[in-house]
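Dropping data.cif in here (mmCIF, C-alpha atoms):
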```cif
data_final
#
loop_
_atom_site.group_PDB
_atom_site.id
_atom_site.type_symbol
_atom_site.label_atom_id
_atom_site.label_comp_id
_atom_site.auth_asym_id
_atom_site.auth_seq_id
_atom_site.Cartn_x
_atom_site.Cartn_y
_atom_site.Cartn_z
ATOM 1 C CA MET A 1 20.238 36.801 -12.044
ATOM 2 C CA ARG A 2 23.020 36.873 -9.439
ATOM 3 C CA VAL A 3 22.235 34.656 -6.456
ATOM 4 C CA PRO A 4 23.664 35.099 -2.942
ATOM 5 C CA PHE A 5 26.624 32.744 -2.854
ATOM 6 C CA GLN A 6 30.242 32.840 -3.949
ATOM 7 C CA ILE A 7 32.554 30.110 -5.181
ATOM 8 C CA LEU A 8 36.293 29.668 -4.958
ATOM 9 C CA ALA A 9 38.020 27.292 -7.412
ATOM 10 C CA ILE A 10 41.643 26.233 -6.938
ATOM 11 C CA PRO A 11 43.518 25.056 -10.046
ATOM 12 C CA TYR A 12 46.140 22.369 -9.472
ATOM 13 C CA LYS A 13 48.395 20.181 -11.576
ATOM 14 C CA TYR A 14 51.313 17.813 -11.289
ATOM 15 C CA GLU A 15 54.465 18.816 -13.127
ATOM 16 C CA ASN A 16 57.436 16.439 -13.059
ATOM 17 C CA GLY A 17 55.804 14.695 -10.103
ATOM 18 C CA LYS A 18 55.499 17.962 -8.169
ATOM 19 C CA LEU A 19 52.105 19.312 -7.046
ATOM 20 C CA LEU A 20 51.543 22.936 -8.090
ATOM 21 C CA TYR A 21 48.714 25.420 -7.554
ATOM 22 C CA CYS A 22 47.812 28.343 -9.792
ATOM 23 C CA VAL A 23 47.414 31.715 -8.086
ATOM 24 C CA LEU A 24 46.006 34.639 -10.075
ATOM 25 C CA HIS A 25 46.583 38.382 -9.705
ATOM 26 C CA ARG A 26 43.388 40.463 -9.846
ATOM 27 C CA SER A 27 43.161 43.240 -12.412
ATOM 28 C CA ASP A 28 41.141 45.588 -10.172
ATOM 29 C CA CYS A 29 43.392 45.493 -7.106
ATOM 30 C CA ASP A 30 46.810 44.287 -5.991
ATOM 31 C CA GLN A 31 45.689 40.898 -4.657
ATOM 32 C CA TRP A 32 46.488 37.283 -5.437
ATOM 33 C CA GLN A 33 43.700 34.729 -5.196
ATOM 34 C CA PHE A 34 42.152 31.712 -6.869
ATOM 35 C CA ILE A 35 39.294 31.747 -9.369
ATOM 36 C CA ALA A 36 36.258 33.272 -7.658
ATOM 37 C CA GLY A 37 32.784 34.365 -8.619
ATOM 38 C CA GLY A 38 29.107 34.193 -7.890
ATOM 39 C CA GLY A 39 26.204 31.922 -8.615
ATOM 40 C CA GLU A 40 23.687 32.725 -11.309
ATOM 41 C CA ASP A 41 20.028 31.806 -11.714
ATOM 42 C CA LYS A 42 19.384 28.251 -10.451
ATOM 43 C CA GLU A 43 23.008 27.073 -10.457
ATOM 44 C CA THR A 44 24.333 24.866 -7.716
ATOM 45 C CA PRO A 45 27.674 25.943 -6.241
ATOM 46 C CA GLU A 46 29.468 23.239 -8.274
ATOM 47 C CA GLU A 47 27.772 24.363 -11.493
ATOM 48 C CA ALA A 48 28.790 27.947 -10.731
ATOM 49 C CA ALA A 49 32.369 26.791 -10.070
ATOM 50 C CA ARG A 50 32.520 24.981 -13.425
ATOM 51 C CA ARG A 51 31.168 28.070 -15.203
ATOM 52 C CA GLU A 52 33.618 30.410 -13.451
ATOM 53 C CA ILE A 53 36.513 28.056 -14.271
ATOM 54 C CA SER A 54 35.520 28.294 -17.926
ATOM 55 C CA GLU A 55 34.983 32.075 -17.848
ATOM 56 C CA GLU A 56 38.068 33.036 -15.839
ATOM 57 C CA GLY A 57 40.387 30.200 -16.821
ATOM 58 C CA GLY A 58 39.301 29.453 -20.361
ATOM 59 C CA ILE A 59 39.135 25.696 -19.763
ATOM 60 C CA ALA A 60 36.637 23.016 -18.799
ATOM 61 C CA ALA A 61 37.217 21.234 -15.502
ATOM 62 C CA ASP A 62 36.962 17.458 -15.852
ATOM 63 C CA THR A 63 37.605 16.711 -12.185
ATOM 64 C CA VAL A 64 36.171 18.991 -9.482
ATOM 65 C CA ILE A 65 36.739 18.283 -5.794
ATOM 66 C CA SER A 66 34.146 19.748 -3.446
ATOM 67 C CA LEU A 67 35.898 20.984 -0.299
ATOM 68 C CA LYS A 68 34.435 21.304 3.175
ATOM 69 C CA SER A 69 36.164 24.675 3.600
ATOM 70 C CA MET A 70 33.593 27.402 3.610
ATOM 71 C CA CYS A 71 33.437 30.995 4.708
ATOM 72 C CA CYS A 72 31.085 33.946 4.521
ATOM 73 C CA VAL A 73 31.843 37.295 2.940
ATOM 74 C CA PRO A 74 30.127 40.580 3.824
ATOM 75 C CA ALA A 75 27.128 41.233 1.582
ATOM 76 C CA GLU A 76 28.121 44.899 1.431
ATOM 77 C CA ILE A 77 30.919 44.089 -1.040
ATOM 78 C CA PHE A 78 28.183 43.539 -3.645
ATOM 79 C CA PRO A 79 27.166 47.105 -4.508
ATOM 80 C CA HIS A 80 24.262 45.993 -6.723
ATOM 81 C CA ARG A 81 22.771 43.468 -4.305
ATOM 82 C CA HIS A 82 19.524 45.408 -4.088
ATOM 83 C CA LEU A 83 19.149 44.975 -7.879
ATOM 84 C CA TYR A 84 19.446 41.197 -7.408
ATOM 85 C CA GLY A 85 16.505 41.187 -5.008
ATOM 86 C CA TRP A 86 18.598 40.185 -2.007
ATOM 87 C CA PRO A 87 16.871 41.019 1.292
ATOM 88 C CA ASP A 88 18.179 43.930 3.357
ATOM 89 C CA GLU A 89 18.679 41.470 6.236
ATOM 90 C CA MET A 90 21.289 39.512 4.247
ATOM 91 C CA TYR A 91 24.525 40.547 5.916
ATOM 92 C CA VAL A 92 26.832 37.738 4.776
ATOM 93 C CA VAL A 93 27.066 35.548 1.679
ATOM 94 C CA PRO A 94 28.427 31.972 1.815
ATOM 95 C CA GLU A 95 31.498 31.038 -0.233
ATOM 96 C CA TYR A 96 31.906 27.395 -1.323
ATOM 97 C CA ALA A 97 35.355 26.054 -2.223
ATOM 98 C CA PHE A 98 36.462 23.576 -4.883
ATOM 99 C CA GLY A 99 39.681 22.245 -6.327
ATOM 100 C CA PHE A 100 40.099 21.189 -9.927
ATOM 101 C CA ALA A 101 42.724 19.351 -11.914
ATOM 102 C CA CYS A 102 44.009 21.653 -14.621
ATOM 103 C CA THR A 103 44.621 19.484 -17.682
ATOM 104 C CA GLY A 104 45.076 22.327 -20.177
ATOM 105 C CA ALA A 105 46.627 25.776 -20.281
ATOM 106 C CA LEU A 106 44.741 28.420 -18.312
ATOM 107 C CA VAL A 107 43.855 31.549 -20.280
ATOM 108 C CA LEU A 108 43.606 34.804 -18.360
ATOM 109 C CA SER A 109 40.312 36.666 -18.450
ATOM 110 C CA HIS A 110 39.940 40.424 -18.028
ATOM 111 C CA GLU A 111 39.633 39.798 -14.268
ATOM 112 C CA HIS A 112 43.307 38.840 -13.898
ATOM 113 C CA THR A 113 46.612 40.250 -15.121
ATOM 114 C CA GLU A 114 48.954 37.407 -14.255
ATOM 115 C CA LEU A 115 49.078 33.818 -13.048
ATOM 116 C CA VAL A 116 51.813 31.742 -11.453
ATOM 117 C CA TRP A 117 52.092 28.026 -10.699
ATOM 118 C CA LEU A 118 53.603 27.461 -7.270
ATOM 119 C CA PRO A 119 54.155 24.703 -4.733
ATOM 120 C CA TYR A 120 51.887 24.756 -1.670
ATOM 121 C CA LYS A 121 54.000 26.890 0.677
ATOM 122 C CA GLU A 122 54.755 29.585 -1.914
ATOM 123 C CA ALA A 123 51.146 29.670 -3.138
ATOM 124 C CA ARG A 124 49.897 30.084 0.437
ATOM 125 C CA GLU A 125 52.303 32.978 1.062
ATOM 126 C CA LYS A 126 51.035 34.860 -2.008
ATOM 127 C CA LEU A 127 47.363 34.662 -1.050
ATOM 128 C CA GLN A 128 45.559 37.635 0.493
ATOM 129 C CA TRP A 129 42.452 36.029 2.007
ATOM 130 C CA ASP A 130 42.303 33.537 4.869
ATOM 131 C CA SER A 131 39.457 31.702 3.117
ATOM 132 C CA ASN A 132 41.773 31.014 0.160
ATOM 133 C CA LYS A 133 44.539 29.832 2.505
ATOM 134 C CA THR A 134 42.204 27.500 4.401
ATOM 135 C CA ALA A 135 40.737 25.988 1.224
ATOM 136 C CA LEU A 136 44.258 25.535 -0.184
ATOM 137 C CA TYR A 137 45.315 23.781 3.032
ATOM 138 C CA GLU A 138 42.380 21.356 2.796
ATOM 139 C CA LEU A 139 42.965 20.633 -0.894
ATOM 140 C CA ASN A 140 46.670 20.106 -0.290
ATOM 141 C CA CYS A 141 45.880 17.608 2.494
ATOM 142 C CA ILE A 142 43.488 15.699 0.201
ATOM 143 C CA LEU A 143 45.874 15.612 -2.751
ATOM 144 C CA SER A 144 48.891 14.718 -0.613
ATOM 145 C CA LYS A 145 47.001 11.809 0.939
ATOM 146 C CA GLN A 146 45.870 10.586 -2.514
ATOM 147 C CA HIS A 147 49.431 10.858 -3.831
ATOM 148 C CA ASP A 148 50.800 8.821 -0.896
ATOM 149 C CA GLN A 149 48.372 5.933 -1.494
#
```

Written as structure tokens, how would this file's structure read?
Amino acid sequence: MRVPFQILAIPYKYENGKLLYCVLHRSDCDQWQFIAGGGEDKETPEEAARREISEEGGIAADTVISLKSMCCVPAEIFPHRHLYGWPDEMYVVPEYAFGFACTGALVLSHEHTELVWLPYKEAREKLQWDSNKTALYELNCILSKQHDQ
């Protein structure tokens, strides 16, 4: 059963000492974003993120970083919300953000047509949603600080 929260998972890797982020192009619209999806049954947001990473990226995430970045999306974008038993008074759904080290090759699911690995500035410019940009900013700050230590 679909539960009322979303996740956002940002793939990253180091290539030749350079930090790169993977941005994916959606198959149902002309938008670039990170891995995204919803919670199911009794999953925690992190469990949902790990599942979505596997489903949409075809890999298991060994290292997941829970970000403080969070937003809410309009509940109306879920056309079947009444089938999930969500209350009529639910107007927004929280979205939790995570970063994960990509240690293998990502495999596109049916939800995406293309992926590109980009440095921070280029990845940010490709993104459609402010929530993705904010989460990317936070993850980039965390990883840059770790790299400098």

Fill in: Selection near A:Thr113, 8 Å with all atoms listed in the file, sequence-local residues under 5 positions removed, as a PyMOL selection string
chain A and resi 24-27+108

Can you turn the PyMOL selection byres ((chain A and resi 10) around 9) into a concrete residue list for this file, as a CSV table (one decimal) with C-alpha atoms, in the frame of the given file?
```
chain,number,residue,atom,x,y,z
A,8,LEU,CA,36.3,29.7,-5.0
A,9,ALA,CA,38.0,27.3,-7.4
A,11,PRO,CA,43.5,25.1,-10.0
A,12,TYR,CA,46.1,22.4,-9.5
A,21,TYR,CA,48.7,25.4,-7.6
A,22,CYS,CA,47.8,28.3,-9.8
A,23,VAL,CA,47.4,31.7,-8.1
A,33,GLN,CA,43.7,34.7,-5.2
A,34,PHE,CA,42.2,31.7,-6.9
A,35,ILE,CA,39.3,31.7,-9.4
A,36,ALA,CA,36.3,33.3,-7.7
A,97,ALA,CA,35.4,26.1,-2.2
A,98,PHE,CA,36.5,23.6,-4.9
A,99,GLY,CA,39.7,22.2,-6.3
A,100,PHE,CA,40.1,21.2,-9.9
A,101,ALA,CA,42.7,19.4,-11.9
A,132,ASN,CA,41.8,31.0,0.2
A,135,ALA,CA,40.7,26.0,1.2
A,136,LEU,CA,44.3,25.5,-0.2
A,139,LEU,CA,43.0,20.6,-0.9
```

Discussion item. When the PyMOL selection byres ((chain A and resi 84) around 8) is applied to the structure above, which residues does it catch, written out as a ChimeraX atom specification?
Written reply: /A:1-3,80-83,85-86

Practice prompt. Check the smallest atom-to-atom distance from each of A:Glu15, A:Ser69, A:Thr103, A:Leu118 to A:Tyr137 using all atoms listed in the file, then report the winner.
Written response: A:Ser69

Practice prompt. For the structure shown, which residues end up in the PyMOL selection byres ((chain A and resi 52-62) around 7)? Put them as a PyMOL selection string, please?
Written response: chain A and resi 35-37+48-51+63-64+100-102+104+106-109

Response to the item:
A straight line from atom CA of A:Val93 to atom CA of A:His110 spans 24.0 Å

Discussion item. With distances taken over only C-alpha atoms, which residue among A:Glu89, A:Ala105, A:Ser144, A:Gln6 lies nearest A:Tyr120?
Written reply: A:Ser144

Response to the item:
As a check of understanding: the span from atom CA of A:Asn16 to atom CA of A:Leu143 is 15.5 Å

Discussion item. Report, in Å with one decimal, the straight-line distance from atom CA of A:Pro4 to atom CA of A:Glu40.
Written reply: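 Between atom CA of A:Pro4 and atom CA of A:Glu40 the gap is 8.7 Å.
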
Assuming 6 Å of padding per side, give the centre and edge lengths of the axis-aligned box around every listed atom of stretch 21-28 of chain A, in Å to one decimal and as lines of an AutoDock Vina configuration file.
```
center_x = 44.9
center_y = 35.5
center_z = -10.0
size_x = 19.6
size_y = 32.2
size_z = 16.9
```

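Nearest-residue note for A:Leu67: choosing from A:Lys145, A:Glu138, A:Trp129, A:Asp41, the minimum distance belongs to A:Glu138, counting all atoms listed in the file.
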
Worksheet item: From the list A:Ser66, A:Gln128, A:Gln146, A:Asn140, which residue is nearest A:Pro45 when using all atoms listed in the file?
Response: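 Checking each candidate against A:Pro45, we get A:Ser66 as the closest.
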